Structures are given as structure tokens and as C-alpha cells.
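J.: Pasting entry.csv below, which is CSV, C-alpha atoms.
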```csv
chain,number,residue,atom,x,y,z
A,24,MET,CA,-298.9,-92.3,-8.6
A,25,VAL,CA,-298.1,-94.1,-11.8
A,26,ASN,CA,-296.3,-91.1,-13.2
A,27,THR,CA,-294.2,-90.7,-10.1
A,28,ILE,CA,-293.0,-94.4,-10.2
A,29,LEU,CA,-292.2,-94.1,-13.9
A,30,ILE,CA,-290.2,-90.9,-13.3
A,31,VAL,CA,-288.1,-92.7,-10.7
A,32,ALA,CA,-287.6,-95.6,-13.1
A,33,GLY,CA,-286.4,-93.1,-15.7
A,34,VAL,CA,-283.9,-91.7,-13.3
A,35,PHE,CA,-282.5,-95.2,-12.7
A,36,MET,CA,-282.3,-95.8,-16.5
A,37,VAL,CA,-280.4,-92.5,-17.0
A,38,LEU,CA,-278.0,-93.4,-14.2
A,39,GLY,CA,-277.3,-96.7,-15.9
A,40,ILE,CA,-276.6,-94.9,-19.2
A,41,LEU,CA,-274.2,-92.5,-17.4
A,42,LEU,CA,-272.3,-95.5,-15.8
A,43,SER,CA,-271.9,-97.1,-19.2
A,44,LEU,CA,-270.8,-93.8,-20.6
A,45,PHE,CA,-268.0,-93.8,-18.0
A,46,ARG,CA,-266.8,-97.1,-19.3
A,47,PHE,CA,-267.2,-95.9,-22.9
A,48,ILE,CA,-264.9,-93.0,-22.2
A,49,LYS,CA,-262.4,-94.9,-20.1
A,50,GLY,CA,-262.0,-97.9,-22.4
A,51,PRO,CA,-259.2,-99.2,-22.3
A,52,ASP,CA,-259.8,-101.3,-25.4
A,53,ILE,CA,-262.1,-100.9,-28.4
A,54,THR,CA,-264.0,-104.0,-27.4
A,55,ASP,CA,-264.8,-102.5,-24.0
A,56,ARG,CA,-266.1,-99.5,-25.7
A,57,THR,CA,-268.3,-101.6,-28.0
A,58,VAL,CA,-269.8,-103.4,-25.1
A,59,ALA,CA,-270.5,-100.1,-23.3
A,60,PHE,CA,-272.1,-98.8,-26.5
A,61,ASP,CA,-274.3,-101.9,-26.8
A,62,VAL,CA,-275.5,-101.4,-23.2
A,63,MET,CA,-276.2,-97.7,-23.8
A,64,THR,CA,-278.3,-98.3,-26.9
A,65,VAL,CA,-280.3,-101.2,-25.3
A,66,THR,CA,-281.1,-99.0,-22.3
A,67,SER,CA,-282.1,-96.2,-24.7
A,68,ILE,CA,-284.8,-98.5,-26.1
A,69,SER,CA,-286.5,-98.5,-22.7
A,70,VAL,CA,-286.0,-94.8,-22.3
A,71,ILE,CA,-287.6,-94.2,-25.6
A,72,GLY,CA,-290.5,-96.4,-24.5
A,73,LEU,CA,-291.0,-94.2,-21.4
A,74,ILE,CA,-290.9,-91.1,-23.6
A,75,ALA,CA,-293.6,-92.7,-25.8
A,76,TYR,CA,-295.7,-93.3,-22.7
A,77,PHE,CA,-295.4,-89.7,-21.5
A,78,ALA,CA,-296.0,-88.3,-24.9
A,79,GLY,CA,-298.9,-90.7,-25.6
A,80,ARG,CA,-297.7,-91.5,-29.1
A,81,ILE,CA,-297.3,-95.1,-30.3
A,82,ILE,CA,-295.3,-94.0,-33.3
A,83,TYR,CA,-292.2,-93.4,-31.0
A,84,LEU,CA,-292.0,-97.1,-30.5
A,85,ASP,CA,-291.1,-97.5,-34.1
A,86,VAL,CA,-288.2,-95.2,-33.5
A,87,ALA,CA,-287.1,-97.5,-30.6
A,88,LEU,CA,-287.3,-100.5,-32.9
A,89,VAL,CA,-285.2,-98.9,-35.7
A,90,TYR,CA,-282.7,-97.6,-33.1
A,91,GLY,CA,-282.2,-101.1,-31.8
A,92,LEU,CA,-281.8,-102.5,-35.3
A,93,LEU,CA,-279.2,-100.0,-36.2
A,94,SER,CA,-277.3,-100.6,-32.9
A,95,PHE,CA,-277.3,-104.4,-33.5
A,96,LEU,CA,-276.0,-103.9,-37.1
A,97,SER,CA,-273.2,-101.6,-36.0
A,98,VAL,CA,-272.1,-103.8,-33.1
A,99,VAL,CA,-272.0,-106.8,-35.5
A,100,ALA,CA,-270.1,-104.8,-38.0
A,101,ILE,CA,-267.5,-103.6,-35.5
A,102,GLY,CA,-267.1,-107.2,-34.2
A,103,ARG,CA,-266.5,-108.6,-37.7
A,104,TYR,CA,-264.1,-105.8,-38.4
A,105,ILE,CA,-262.0,-106.5,-35.3
A,106,GLU,CA,-261.9,-110.2,-36.1
A,107,LYS,CA,-261.2,-110.2,-39.9
A,108,GLY,CA,-260.6,-106.7,-41.1
A,109,LEU,CA,-262.7,-105.1,-43.8
B,14,MET,CA,-307.9,-100.5,-13.4
B,15,GLU,CA,-305.8,-98.3,-11.2
B,16,THR,CA,-304.1,-101.2,-9.4
B,17,LEU,CA,-303.2,-102.8,-12.8
B,18,GLU,CA,-301.5,-99.6,-13.8
B,19,ILE,CA,-299.6,-99.5,-10.5
B,20,ILE,CA,-298.5,-103.1,-11.0
B,21,GLY,CA,-297.2,-102.2,-14.5
B,22,ALA,CA,-295.3,-99.2,-13.2
B,23,LEU,CA,-293.7,-101.4,-10.5
B,24,VAL,CA,-292.6,-103.9,-13.1
B,25,THR,CA,-291.0,-101.0,-15.1
B,26,LEU,CA,-289.3,-99.8,-11.9
B,27,LEU,CA,-287.9,-103.4,-11.3
B,28,GLY,CA,-286.6,-103.4,-14.9
B,29,SER,CA,-284.9,-100.0,-14.4
B,30,ILE,CA,-283.2,-101.3,-11.3
B,31,PHE,CA,-281.7,-104.2,-13.3
B,32,ILE,CA,-280.6,-101.7,-15.9
B,33,PHE,CA,-278.8,-99.6,-13.2
B,34,LEU,CA,-277.2,-102.8,-11.8
B,35,GLY,CA,-276.0,-103.6,-15.4
B,36,GLY,CA,-274.4,-100.2,-15.6
B,37,LEU,CA,-272.8,-100.7,-12.2
B,38,GLY,CA,-271.5,-104.1,-13.3
B,39,ILE,CA,-269.9,-102.8,-16.5
B,40,VAL,CA,-268.0,-100.3,-14.4
B,41,ARG,CA,-266.9,-102.6,-11.6
B,42,MET,CA,-266.0,-105.9,-13.4
B,43,PRO,CA,-262.3,-106.4,-14.1
B,44,ASP,CA,-262.1,-107.7,-17.6
B,45,LEU,CA,-264.1,-107.7,-20.9
B,46,PHE,CA,-265.9,-111.1,-20.6
B,47,ASN,CA,-267.1,-110.4,-17.1
B,48,ARG,CA,-268.3,-107.0,-18.3
B,49,ILE,CA,-270.3,-108.6,-21.0
B,50,GLN,CA,-271.7,-111.0,-18.4
B,51,ALA,CA,-272.8,-108.3,-16.0
B,52,GLY,CA,-273.6,-105.5,-18.4
B,53,THR,CA,-275.3,-106.9,-21.5
B,54,LYS,CA,-277.5,-109.5,-19.8
B,55,ALA,CA,-278.7,-107.4,-17.0
B,56,SER,CA,-279.7,-104.6,-19.4
B,57,THR,CA,-281.5,-107.1,-21.6
B,58,LEU,CA,-283.7,-108.4,-18.8
B,59,GLY,CA,-284.1,-104.8,-17.6
B,60,THR,CA,-285.3,-103.6,-21.0
B,61,ILE,CA,-287.7,-106.6,-21.4
B,62,LEU,CA,-289.2,-106.0,-17.9
B,63,SER,CA,-289.6,-102.2,-18.4
B,64,LEU,CA,-291.3,-102.7,-21.8
B,65,PHE,CA,-293.5,-105.4,-20.4
B,66,GLY,CA,-294.5,-103.0,-17.6
B,67,LEU,CA,-295.5,-100.4,-20.2
B,68,ALA,CA,-297.5,-103.0,-22.0
B,69,ILE,CA,-299.4,-103.8,-18.7
B,70,ILE,CA,-300.1,-100.1,-18.2
B,71,ASN,CA,-301.3,-99.4,-21.8
B,72,GLU,CA,-302.7,-102.6,-23.2
B,73,ALA,CA,-303.4,-101.0,-26.6
B,74,TRP,CA,-299.6,-101.0,-27.2
B,75,ILE,CA,-299.0,-104.6,-26.3
B,76,TRP,CA,-298.4,-106.0,-29.8
B,77,LYS,CA,-295.8,-103.5,-30.8
B,78,LEU,CA,-294.1,-103.8,-27.4
B,79,LEU,CA,-294.0,-107.6,-27.8
B,80,VAL,CA,-292.4,-107.2,-31.2
B,81,ILE,CA,-289.6,-105.0,-29.6
B,82,ILE,CA,-289.2,-107.5,-26.8
B,83,PHE,CA,-288.9,-110.4,-29.2
B,84,PHE,CA,-286.4,-108.4,-31.3
B,85,VAL,CA,-284.2,-107.6,-28.3
B,86,LEU,CA,-284.4,-111.2,-27.1
B,87,ILE,CA,-283.1,-112.4,-30.5
B,88,THR,CA,-280.5,-109.8,-31.3
B,89,ASN,CA,-278.8,-109.4,-28.0
B,90,PRO,CA,-277.1,-112.8,-27.5
B,91,VAL,CA,-275.8,-112.6,-31.1
B,92,SER,CA,-274.2,-109.2,-30.6
B,93,SER,CA,-272.5,-110.2,-27.3
B,94,ASN,CA,-271.3,-113.4,-28.9
B,95,VAL,CA,-269.8,-111.5,-31.8
B,96,ILE,CA,-267.9,-109.1,-29.5
B,97,SER,CA,-266.6,-111.8,-27.2
B,98,ARG,CA,-265.4,-113.9,-30.1
B,99,ALA,CA,-263.6,-110.9,-31.6
B,100,ALA,CA,-262.1,-110.1,-28.3
B,101,HIS,CA,-260.8,-113.6,-27.7
B,102,PHE,CA,-259.4,-113.6,-31.2
B,103,ARG,CA,-257.7,-110.3,-30.5
B,104,GLY,CA,-256.1,-111.8,-27.4
B,105,ILE,CA,-257.6,-109.6,-24.7
B,106,LYS,CA,-255.9,-109.9,-21.4
B,107,MET,CA,-258.1,-111.7,-18.9
B,108,THR,CA,-258.3,-110.9,-15.2
B,109,ASP,CA,-255.9,-112.6,-12.7
B,110,LYS,CA,-258.8,-114.4,-11.1
B,111,THR,CA,-259.3,-116.5,-14.3
B,112,VAL,CA,-259.3,-120.2,-13.5
B,113,ALA,CA,-258.9,-121.7,-17.0
B,114,ASP,CA,-258.9,-120.9,-20.7
B,115,LEU,CA,-259.5,-124.1,-22.6
B,116,LEU,CA,-260.0,-122.3,-25.9
B,117,VAL,CA,-256.5,-120.8,-26.1
B,118,ASP,CA,-254.6,-124.0,-26.7
B,119,LYS,CA,-256.6,-124.8,-29.8
B,120,SER,CA,-255.7,-123.0,-33.1
B,121,ASN,CA,-256.8,-119.4,-32.9
B,122,LYS,CA,-258.7,-119.6,-36.1
B,123,PRO,CA,-262.4,-118.6,-35.8
B,124,GLY,CA,-264.7,-121.5,-36.2
B,125,GLU,CA,-267.4,-121.9,-38.9
B,126,GLU,CA,-270.9,-120.6,-38.0
C,26,MET,CA,-286.2,-123.9,-55.3
C,27,ASN,CA,-287.8,-125.4,-52.2
C,28,ILE,CA,-291.5,-124.4,-52.0
C,29,ARG,CA,-291.7,-125.3,-48.3
C,30,ASN,CA,-288.9,-123.0,-47.2
C,31,VAL,CA,-290.3,-120.1,-49.2
C,32,THR,CA,-293.8,-120.6,-47.8
C,33,ASN,CA,-292.5,-120.8,-44.2
C,34,LEU,CA,-290.4,-117.6,-44.7
C,35,PHE,CA,-293.4,-115.9,-46.3
C,36,VAL,CA,-295.8,-116.7,-43.4
C,37,LEU,CA,-293.2,-115.5,-40.8
C,38,LEU,CA,-292.5,-112.2,-42.6
C,39,PHE,CA,-296.2,-111.6,-43.2
C,40,LEU,CA,-296.9,-112.1,-39.5
C,41,ILE,CA,-294.2,-109.6,-38.6
C,42,TRP,CA,-295.7,-107.2,-41.1
C,43,LEU,CA,-299.1,-107.5,-39.5
C,44,LEU,CA,-297.7,-106.9,-36.0
C,45,LEU,CA,-295.7,-103.9,-37.1
C,46,THR,CA,-298.5,-102.1,-39.0
C,47,GLY,CA,-301.3,-103.2,-36.7
C,48,THR,CA,-304.1,-102.5,-39.3
C,49,PHE,CA,-306.1,-104.7,-41.5
C,50,GLU,CA,-306.8,-102.2,-44.3
C,51,LEU,CA,-306.8,-103.6,-47.8
C,52,THR,CA,-303.9,-101.5,-49.2
C,53,SER,CA,-301.7,-102.3,-46.2
C,54,LEU,CA,-302.4,-106.0,-46.5
C,55,LEU,CA,-301.7,-106.0,-50.3
C,56,LEU,CA,-298.4,-104.1,-49.8
C,57,GLY,CA,-297.4,-106.6,-47.1
C,58,ILE,CA,-298.1,-109.5,-49.3
C,59,VAL,CA,-296.0,-108.0,-52.1
C,60,ILE,CA,-293.0,-107.2,-49.8
C,61,ALA,CA,-293.1,-110.4,-47.9
C,62,GLY,CA,-293.5,-112.4,-51.1
C,63,GLY,CA,-290.6,-110.6,-52.8
C,64,LEU,CA,-288.3,-111.1,-49.9
C,65,SER,CA,-289.1,-114.7,-49.4
C,66,LEU,CA,-288.6,-115.4,-53.1
C,67,ILE,CA,-285.2,-113.8,-52.9
C,68,PHE,CA,-283.9,-115.3,-49.6
C,69,GLY,CA,-286.0,-118.5,-49.4
C,70,LYS,CA,-283.8,-120.5,-51.8
C,71,ASN,CA,-280.8,-120.6,-49.6
C,72,SER,CA,-282.4,-121.0,-46.2
C,73,ASN,CA,-283.1,-124.5,-45.1
C,74,VAL,CA,-283.4,-123.5,-41.4
C,75,PHE,CA,-287.2,-123.8,-41.3
C,76,GLY,CA,-287.4,-126.9,-43.4
C,77,LYS,CA,-286.6,-129.3,-40.6
C,78,LEU,CA,-289.2,-128.0,-38.2
C,79,ARG,CA,-292.1,-130.3,-37.6
C,80,LEU,CA,-295.3,-128.7,-36.4
C,81,THR,CA,-297.0,-131.2,-34.2
C,82,PRO,CA,-299.0,-130.5,-31.0
C,83,LYS,CA,-296.2,-132.1,-29.0
C,84,VAL,CA,-293.6,-129.8,-30.4
C,85,PHE,CA,-295.9,-126.8,-29.7
C,86,ILE,CA,-296.4,-127.8,-26.0
C,87,TYR,CA,-292.7,-128.4,-25.6
C,88,SER,CA,-291.8,-125.0,-27.1
C,89,LEU,CA,-294.1,-123.3,-24.6
C,90,HIS,CA,-292.5,-125.4,-21.8
C,91,TYR,CA,-289.0,-124.3,-23.2
C,92,LEU,CA,-290.0,-120.6,-23.1
C,93,ILE,CA,-291.2,-120.9,-19.4
C,94,VAL,CA,-288.0,-122.8,-18.4
C,95,LEU,CA,-285.8,-120.2,-20.2
C,96,SER,CA,-287.6,-117.2,-18.6
C,97,TRP,CA,-287.2,-118.7,-15.2
C,98,GLU,CA,-283.5,-119.4,-15.7
C,99,ILE,CA,-282.9,-115.9,-17.0
C,100,VAL,CA,-284.5,-114.3,-14.0
C,101,LYS,CA,-282.8,-116.6,-11.5
C,102,SER,CA,-279.3,-116.1,-12.9
C,103,ASN,CA,-279.8,-112.4,-13.3
C,104,VAL,CA,-280.5,-112.1,-9.6
C,105,ASP,CA,-277.4,-114.2,-9.0
C,106,VAL,CA,-275.2,-112.0,-11.1
C,107,ALA,CA,-276.7,-108.8,-9.7
C,108,LEU,CA,-275.9,-110.0,-6.2
C,109,ARG,CA,-272.3,-110.6,-7.2
C,110,VAL,CA,-272.1,-107.0,-8.7
C,111,ILE,CA,-273.5,-105.4,-5.5
C,112,ASN,CA,-271.2,-107.4,-3.2
C,113,PRO,CA,-268.1,-105.2,-2.3
C,114,LYS,CA,-265.8,-108.2,-2.6
C,115,LEU,CA,-266.9,-109.0,-6.2
C,116,PRO,CA,-266.9,-112.8,-5.7
C,117,ILE,CA,-266.2,-114.1,-9.3
C,118,ASN,CA,-264.3,-117.1,-10.4
C,119,PRO,CA,-264.3,-116.9,-14.2
C,120,GLY,CA,-262.9,-119.2,-16.8
C,121,ILE,CA,-263.5,-120.7,-20.2
C,122,VAL,CA,-264.7,-124.3,-20.2
C,123,LYS,CA,-265.5,-126.7,-23.0
C,124,VAL,CA,-268.8,-128.6,-23.2
C,125,LYS,CA,-270.2,-131.1,-25.7
C,126,THR,CA,-273.8,-131.1,-27.0
C,127,LYS,CA,-275.8,-134.1,-28.1
C,128,LEU,CA,-278.0,-132.0,-30.5
C,129,LYS,CA,-277.5,-132.7,-34.2
C,130,SER,CA,-279.6,-130.1,-36.1
C,131,PRO,CA,-278.1,-126.6,-36.7
C,132,MET,CA,-281.2,-124.8,-35.6
C,133,GLY,CA,-281.3,-126.6,-32.3
C,134,ARG,CA,-277.6,-125.8,-31.7
C,135,MET,CA,-278.2,-122.2,-32.5
C,136,ILE,CA,-281.1,-121.9,-30.1
C,137,LEU,CA,-279.1,-123.7,-27.4
C,138,ALA,CA,-276.1,-121.4,-27.9
C,139,ASN,CA,-278.3,-118.3,-27.7
C,140,SER,CA,-280.1,-119.6,-24.6
C,141,ILE,CA,-276.7,-120.1,-22.9
C,142,THR,CA,-275.7,-116.6,-23.8
C,143,LEU,CA,-279.0,-115.1,-22.6
C,144,THR,CA,-278.7,-116.6,-19.1
C,145,PRO,CA,-276.2,-114.4,-17.3
C,146,GLY,CA,-273.2,-116.2,-15.9
C,147,THR,CA,-272.6,-118.2,-19.0
C,148,LEU,CA,-271.5,-116.8,-22.4
C,149,THR,CA,-270.9,-118.8,-25.6
C,150,ILE,CA,-267.7,-117.7,-27.2
C,151,ASP,CA,-267.1,-120.2,-30.0
C,152,ILE,CA,-268.6,-123.3,-31.5
C,153,LYS,CA,-266.6,-126.0,-33.2
C,154,ASP,CA,-268.8,-128.8,-34.4
C,155,ASP,CA,-270.4,-130.2,-31.3
C,156,GLU,CA,-268.0,-128.5,-28.9
C,157,PHE,CA,-269.1,-125.2,-27.2
C,158,TYR,CA,-266.5,-123.0,-25.6
C,159,ILE,CA,-268.3,-121.2,-22.7
C,160,HIS,CA,-267.1,-118.3,-20.5
C,161,TRP,CA,-268.4,-119.2,-17.0
C,162,ILE,CA,-268.4,-116.5,-14.3
C,163,ASP,CA,-268.3,-119.1,-11.5
C,164,VAL,CA,-266.3,-122.2,-12.6
C,165,LYS,CA,-267.3,-125.2,-10.6
C,166,THR,CA,-265.6,-127.9,-12.7
C,167,LEU,CA,-263.4,-128.3,-15.7
C,168,ASP,CA,-264.8,-131.7,-16.7
C,169,PRO,CA,-266.8,-131.5,-19.9
C,170,GLU,CA,-269.5,-134.0,-18.8
C,171,ILE,CA,-270.4,-132.4,-15.5
C,172,ALA,CA,-270.1,-128.9,-16.9
C,173,SER,CA,-272.5,-129.7,-19.8
C,174,GLN,CA,-275.0,-131.1,-17.3
C,175,GLU,CA,-274.6,-128.0,-15.0
C,176,ILE,CA,-274.8,-125.4,-17.8
C,177,MET,CA,-277.3,-126.7,-20.3
C,178,GLY,CA,-278.8,-129.9,-19.0
C,179,LYS,CA,-282.3,-128.4,-18.7
C,180,PHE,CA,-282.3,-126.8,-22.1
C,181,GLU,CA,-280.9,-129.8,-23.9
C,182,LYS,CA,-283.5,-132.2,-22.6
C,183,ILE,CA,-286.3,-130.2,-24.1
C,184,LEU,CA,-284.6,-129.2,-27.3
C,185,GLU,CA,-283.8,-132.9,-28.0
C,186,VAL,CA,-287.6,-133.5,-28.1
C,187,ILE,CA,-288.3,-130.5,-30.4
C,188,TYR,CA,-285.6,-131.0,-32.9
C,189,GLY,CA,-284.9,-134.7,-32.6
```
Take the structure I supplied and represent it as C-alpha cells, if you would.

T.:
Amino acid sequence: MVNTILIVAGVFMVLGILLSLFRFIKGPDITDRTVAFDVMTVTSISVIGLIAYFAGRIIYLDVALVYGLLSFLSVVAIGRYIEKGL
Amino acid sequence: METLEIIGALVTLLGSIFIFLGGLGIVRMPDLFNRIQAGTKASTLGTILSLFGLAIINEAWIWKLLVIIFFVLITNPVSSNVISRAAHFRGIKMTDKTVADLLVDKSNKPGEE
Amino acid sequence: MNIRNVTNLFVLLFLIWLLLTGTFELTSLLLGIVIAGGLSLIFGKNSNVFGKLRLTPKVFIYSLHYLIVLSWEIVKSNVDVALRVINPKLPINPGIVKVKTKLKSPMGRMILANSITLTPGTLTIDIKDDEFYIHWIDVKTLDPEIASQEIMGKFEKILEVIYG
């Protein structure tokens, strides 16, 4: 029962990632792509959480944390670059 | 015990629906600022809810999941603020439905933080 | 060097270390003390953010109250924006408005700006002194006074008590 509900939740999450991937490819501007990238990585955190639940390994949550950290840093770096240059 | 797990799974499902709606919003909205509004915020709440649901299911993980939730809660507004300020500085075209832009008639210099 | 800033930063970093490692073994605790101590010695000099915070029971209760109000606002406005997204007509009325805050302390202003950004429908774009420029998905008024009350009245009232 629990596993079935969680699989349905995973399907919704992957659909959300695919929709943002559409925006990531279509653009039309670099800022739109950055927003789509941000949404994709934040969603990936919860997908990694689900994978950690199904694998039963808490160490995967550290992967999610580092993933979120890297995504945050790259988004801030891109924003700063657009605004002021290197 | 079993009912608690099902409640947690339902919370995760609710979060994933918010994530899906965020993805839908980022495709449907007409310009960048509305995309940030619909996409980033909905996916933030979705992620928080789904991690919280996992914490209800497996209470041994609750502290680490709370760290991730706290982290997402702090970093997400900062990143959307950085993108939106850069986009406004760059002069992104806003949608025709826009009512007012009170920032544009000031000097376009980015403010101090 | 300000001893109080360094101590506050050290306590915060050490708490995060405890949450991340999740063990109370002696070697892990010692390593955490070394790392948190080193980092707070390096960065504590320049940060005066934590220095102004007063830790009284009243502030603690109001912080909890703030968290509850913030969560409720996030959920409420998320549902609102989600309904707008599902609606085939896409009923949005966006614009950038200017609001003024009464808060003085930088930390209070930062928390206020981030709370505004976290609630969907409003998005802080720029801050100039006490003026916030906010992208609002459903503009009801352009008047700064009414807009301030509408967007951040609830948050500001509580933050005024916490940060003075």
C-alpha cells in the first residue's frame, strides 16, 4: 500500500521534471533556462529522497544535500554572471 | 503503525502533486517573473512536503530530513531573488498583461545588499 | 574580534555538525569542535548578524508564532497560485510594486524579504534602503501604504517585536 502510493508520487515528480526540461530546452532566454534548471534540481532532491527510501540507505540523503548545495551555488553564480560579468 | 505510514505516503503524494503543478506552471506562464512565481515556489513546497512525508514514514531519518528541509527553505528564496534581479537588470521583456513596473524608472543600478 | 559573534557562530555550526553526523562518538565530536571552531574563528570577525539577536523567552515564543504564520501563508498562497495555473484562462494580473518597511535591523529585513519571496504570488526583486520592489502576480493597488499592509502586514508585526 505504502509502496504503491510512493510509486505514484514518483511518477508525478518525474512528470514535473519532464515539464521543466521542456522549458529548459525551449528557453527562450538564459534566465528562463536557469529557472528551469533550479526547479529540476529542487525536484531531484525529493526524487533522491524516494530512492533512499526504496533502497533503505540513509547515506543517499547526504547525496541529496550536496546536490542541493551545488545547484544553489551554480544558480547564484549564473545570476551574478548575468548581472555583472565575471 | 500502518496508518501512520499511509498518512506519510499521502503527504508525499500531496507534495509530488505540487511539484507537478510547478512544472505545469513553468511551461504555461507567459514571462520569466511569473515562471519564477509558479515554478520555484510550488516546487519548494512540494519538496518540503514530500521529505516531511518520508520523515513520517521512517522516523529514524527525521533529523537528516529536517536538515535538508531547513536548507531548501533558506536557499530557495535567495536563488530566485538572484535570478529575478539579474533578469530585471538585463531588461527581460515582461508580458502584455503587466500592470505596472515601478522599478524601471529608477536608475538601473543594482542596489546594495 | 568580537567574542560574542564567534561564540554564536560556533554554536550554530556545531549544532549543524551534530545533526549531519548523527552520532555522539568521541572522535566525531572532537573533529566537529575543531572544524566549527576553525570556521567560526575565520568568519566570525566580520559577521555582526547574530550579535543583535536577544534571546529572551518572549523572542522565542514570537519566533515559533512567526514560523506557524509563515507556514500557513505559504500553504494558502501555494494553493492560490496552483489554482491559477490549472485554470485554462490563466487569470494573472502581474506588476512590480513598491512597498516601504518599518524594520530597521538588517537581519529583520533579510528575513522579511525572504519570507515575501517564499510565499508564492509575491517575489522580492530589489531592496533599496527601506524600499522593497516586489513582483506581485495579482496587483490590487499601486499605493505603497496599502500594498505594504496587504503583502507583509502579518510578517512585519511579529518581526518588529523580535528585532525591535

J.: From the set C:Thr147, C:Ser140, C:Thr32, C:Asn112, which residue has the shortest atom-to-atom contact distance to Tyr91 in chain C, counting all atoms listed in the file?

T.: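 Of C:Thr147, C:Ser140, C:Thr32, C:Asn112, the one nearest Tyr91 in chain C is C:Ser140, counting all atoms listed in the file.
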
J.: Kindly indicate which residue among C:Val100, C:Ile41, C:Ile117, C:Leu108 lies nearest to Leu58 in chain B, using all atoms listed in the file for the distances.

T.: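 That would be C:Val100, the residue with the smallest distance to Leu58 in chain B.
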
J.: Could you work out which residues of chain C fall inside 12 Å of chain A? Count only C-alpha atoms, and format the result as a PyMOL selection string.

T.: chain C and resi 44-47

J.: Just want the 12 Å neighbourhood of Phe45 in chain A, counted on only C-alpha atoms, with same-chain residues fewer than 6 positions away dropped. Output as an MDAnalysis selection string.

T.: (chainID A and resid 38:39 51 55:56 59:60 62:63) or (chainID B and resid 36:41)

J.: If you measure from CA of Leu41 in chain A to CA of Gly52 in chain B, what distance in Å do you get, rounded to one decimal?

T.: 13.1 Å

J.: For chain C versus chain B, which residues have an atom no more than 6 Å away, and what is each residue's nearest atom pair and distance in Å rounded to one decimal, using all atoms listed in the file, chain-then-number order, as a Markdown table?

T.:
```
| residue | atom | partner | partner_atom | distance |
| --- | --- | --- | --- | --- |
| C:Val110 | CA | B:Gly38 | CA | 5.5 |
| C:Pro119 | CA | B:Thr111 | CA | 5.0 |
| C:Gly120 | CA | B:Ala113 | CA | 4.7 |
| C:Ile121 | CA | B:Asp114 | CA | 4.6 |
| C:Val122 | CA | B:Leu115 | CA | 5.7 |
| C:Asn139 | CA | B:Pro90 | CA | 5.6 |
| C:Thr142 | CA | B:Pro90 | CA | 5.5 |
| C:Leu143 | CA | B:Pro90 | CA | 5.7 |
| C:Pro145 | CA | B:Lys54 | CA | 5.7 |
| C:Gly146 | CA | B:Gln50 | CA | 6.0 |
| C:Ile150 | CA | B:Arg98 | CA | 5.3 |
| C:Lys153 | CA | B:Gly124 | CA | 5.7 |
```

J.: Taking only C-alpha atoms into account, name the residue in B:Glu15, B:Leu27, B:Phe33, B:Phe65 that is nearest to chain A.

T.: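 Selected residue with least distance to chain A: B:Phe33.
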
J.: For chain A against chain B, which residues fall within 9 Å using all atoms listed in the file, given as a count of residues only?

T.: 57

J.: Rounded to one decimal in Å, what is the spacing between CA of Gly57 in chain C and CA of Ile82 in chain A?

T.: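 Straight-line distance from CA of Gly57 in chain C to CA of Ile82 in chain A works out to 18.8 Å.
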
J.: Report, in Å with one decimal, the straight-line distance from CA of Ser94 in chain A to CA of Leu148 in chain C.

T.: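 One can read the CA of Ser94 in chain A to CA of Leu148 in chain C distance as 20.2 Å.
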
J.: Using all atoms listed in the file, pick whichever of C:Phe157, C:Phe68, C:Phe85, C:Phe35 has the shortest atom-to-atom distance to Val186 in chain C.

T.: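 Among the listed residues, C:Phe85 lies closest to Val186 in chain C.
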
J.: Give me the residues within 9 Å of Ile28 in chain C as a VMD selection string, counting only C-alpha atoms and dropping any in the same chain fewer than 4 places off.

T.: chain C and resid 32 to 33 69 to 70

J.: Please identify all polymer residues within 12 Å of Leu55 in chain C, counting all atoms listed in the file, omitting same-chain residues fewer than 6 positions from it, and present them as a PyMOL selection string.

T.: chain C and resi 39+42-43+48-49+61-62
